[in-house]
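For reference, start-v2.cif (mmCIF, C-alpha atoms):
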data_final
#
loop_
_atom_site.group_PDB
_atom_site.id
_atom_site.type_symbol
_atom_site.label_atom_id
_atom_site.label_comp_id
_atom_site.auth_asym_id
_atom_site.auth_seq_id
_atom_site.Cartn_x
_atom_site.Cartn_y
_atom_site.Cartn_z
ATOM 1 C CA MET A 1 104.180 -134.037 -45.194
ATOM 2 C CA LYS A 2 101.397 -131.950 -43.864
ATOM 3 C CA LYS A 3 98.276 -133.452 -42.363
ATOM 4 C CA ARG A 4 96.242 -131.970 -45.228
ATOM 5 C CA GLN A 5 98.341 -133.819 -47.814
ATOM 6 C CA ILE A 6 97.949 -137.128 -46.012
ATOM 7 C CA LYS A 7 94.165 -136.671 -45.852
ATOM 8 C CA PHE A 8 94.090 -135.868 -49.582
ATOM 9 C CA ILE A 9 96.148 -138.919 -50.511
ATOM 10 C CA ALA A 10 94.063 -141.217 -48.286
ATOM 11 C CA ALA A 11 90.784 -139.883 -49.697
ATOM 12 C CA LEU A 12 92.087 -140.170 -53.258
ATOM 13 C CA CYS A 13 93.116 -143.781 -52.673
ATOM 14 C CA VAL A 14 89.749 -144.697 -51.168
ATOM 15 C CA VAL A 15 87.833 -143.107 -54.060
ATOM 16 C CA ALA A 16 90.122 -144.733 -56.641
ATOM 17 C CA VAL A 17 89.651 -148.175 -55.081
ATOM 18 C CA ILE A 18 85.869 -147.761 -55.017
ATOM 19 C CA ILE A 19 85.801 -146.699 -58.680
ATOM 20 C CA TRP A 20 88.150 -149.547 -59.598
ATOM 21 C CA ILE A 21 86.005 -152.153 -57.810
ATOM 22 C CA VAL A 22 82.793 -150.869 -59.415
ATOM 23 C CA GLY A 23 84.502 -150.990 -62.805
ATOM 24 C CA GLU A 24 85.711 -154.537 -62.205
ATOM 25 C CA ILE A 25 82.222 -155.634 -61.189
ATOM 26 C CA LEU A 26 80.755 -154.084 -64.323
ATOM 27 C CA ILE A 27 83.473 -155.541 -66.559
ATOM 28 C CA GLY A 28 83.367 -159.025 -65.065
ATOM 29 C CA LEU A 29 79.795 -159.636 -64.022
ATOM 30 C CA VAL A 30 77.567 -157.303 -65.994
ATOM 31 C CA TRP A 31 79.253 -156.907 -69.366
ATOM 32 C CA ASP A 32 81.416 -160.094 -69.326
ATOM 33 C CA LEU A 33 84.251 -158.450 -71.285
ATOM 34 C CA GLY A 34 87.135 -160.659 -70.202
ATOM 35 C CA LEU A 35 90.541 -160.517 -68.576
ATOM 36 C CA THR A 36 92.202 -158.248 -71.140
ATOM 37 C CA VAL A 37 89.683 -155.447 -70.580
ATOM 38 C CA SER A 38 90.053 -155.921 -66.825
ATOM 39 C CA ARG A 39 93.827 -155.475 -67.074
ATOM 40 C CA ILE A 40 93.442 -152.395 -69.266
ATOM 41 C CA TRP A 41 90.967 -150.973 -66.718
ATOM 42 C CA ALA A 42 93.451 -151.543 -63.868
ATOM 43 C CA ILE A 43 96.267 -149.829 -65.798
ATOM 44 C CA ILE A 44 94.027 -146.879 -66.672
ATOM 45 C CA MET A 45 92.948 -146.490 -63.038
ATOM 46 C CA ILE A 46 96.550 -146.490 -61.803
ATOM 47 C CA ILE A 47 97.637 -143.923 -64.382
ATOM 48 C CA VAL A 48 94.644 -141.637 -63.773
ATOM 49 C CA THR A 49 95.048 -141.823 -59.992
ATOM 50 C CA CYS A 50 98.757 -140.971 -60.169
ATOM 51 C CA ALA A 51 98.185 -138.174 -62.676
ATOM 52 C CA PHE A 52 95.392 -136.644 -60.592
ATOM 53 C CA SER A 53 97.498 -136.906 -57.444
ATOM 54 C CA LEU A 54 100.416 -135.114 -59.065
ATOM 55 C CA TRP A 55 98.151 -132.459 -60.591
ATOM 56 C CA LYS A 56 95.986 -131.671 -57.562
ATOM 57 C CA CYS A 57 98.167 -132.589 -54.590
ATOM 58 C CA PRO A 58 98.372 -129.679 -52.177
ATOM 59 C CA ARG A 59 101.779 -128.057 -52.295
ATOM 60 C CA GLU A 60 103.856 -127.165 -49.252
#
Before we go any further, please render this structure as structure tokens.
Amino acid sequence: MKKRQIKFIAALCVVAVIIWIVGEILIGLVWDLGLTVSRIWAIIMIIVTCAFSLWKCPRE
């Protein structure tokens, strides 16, 4: 892997975790939507992060 790819993956992971945490805070504390919505949010975040990584990952 190139250094550029590693930087991209690390930045993507950091941004995804921040968005996921903000979403969890909103779901749990602000909107009080419950555990099911929290699980759906986690699944959506994982799928979107993987899809974006595969779509935009710099190629060798």
For this session: Have a look at CA of Ser38 (chain A) and CA of Lys56 (chain A) and let me know their distance in Å, one decimal.
Result: 26.6 Å
For this session: May I ask which of the residues A:Trp41, A:Met1, A:Ala16, A:Ile47 is the closest one to Gly28 (chain A), counting all atoms listed in the file?
Result: A:Trp41
Exercise. Could you name the residues that touch Val15 (chain A) at 12 Å or less, counting only C-alpha atoms, but leaving out those on the same chain fewer than 3 positions away, as JSON, numbers by chain?
Worked result: {"A": [8, 9, 10, 11, 12, 18, 19, 20, 21, 22, 45, 48, 49, 52, 53]}
Centre, x/y/z edge lengths, axis-aligned box for region 34-44 of chain A with 4 Å per side, as lines of an AutoDock Vina configuration file:
center_x = 91.7
center_y = -153.8
center_z = -67.5
size_x = 17.1
size_y = 21.8
size_z = 15.3
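If you look at CA of Glu24 (chain A) and CA of Ala42 (chain A), they are 8.5 Å away from each other.
Atom pair CA of Asp32 (chain A) / CA of Cys50 (chain A) has a distance of 27.4 Å (rounded to one decimal).
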Exercise. Nearest to Val17 (chain A) among A:Ile46, A:Lys2, A:Leu35, A:Ile40, with distances taken over only C-alpha atoms: which residue is it?
Worked result: A:Ile46
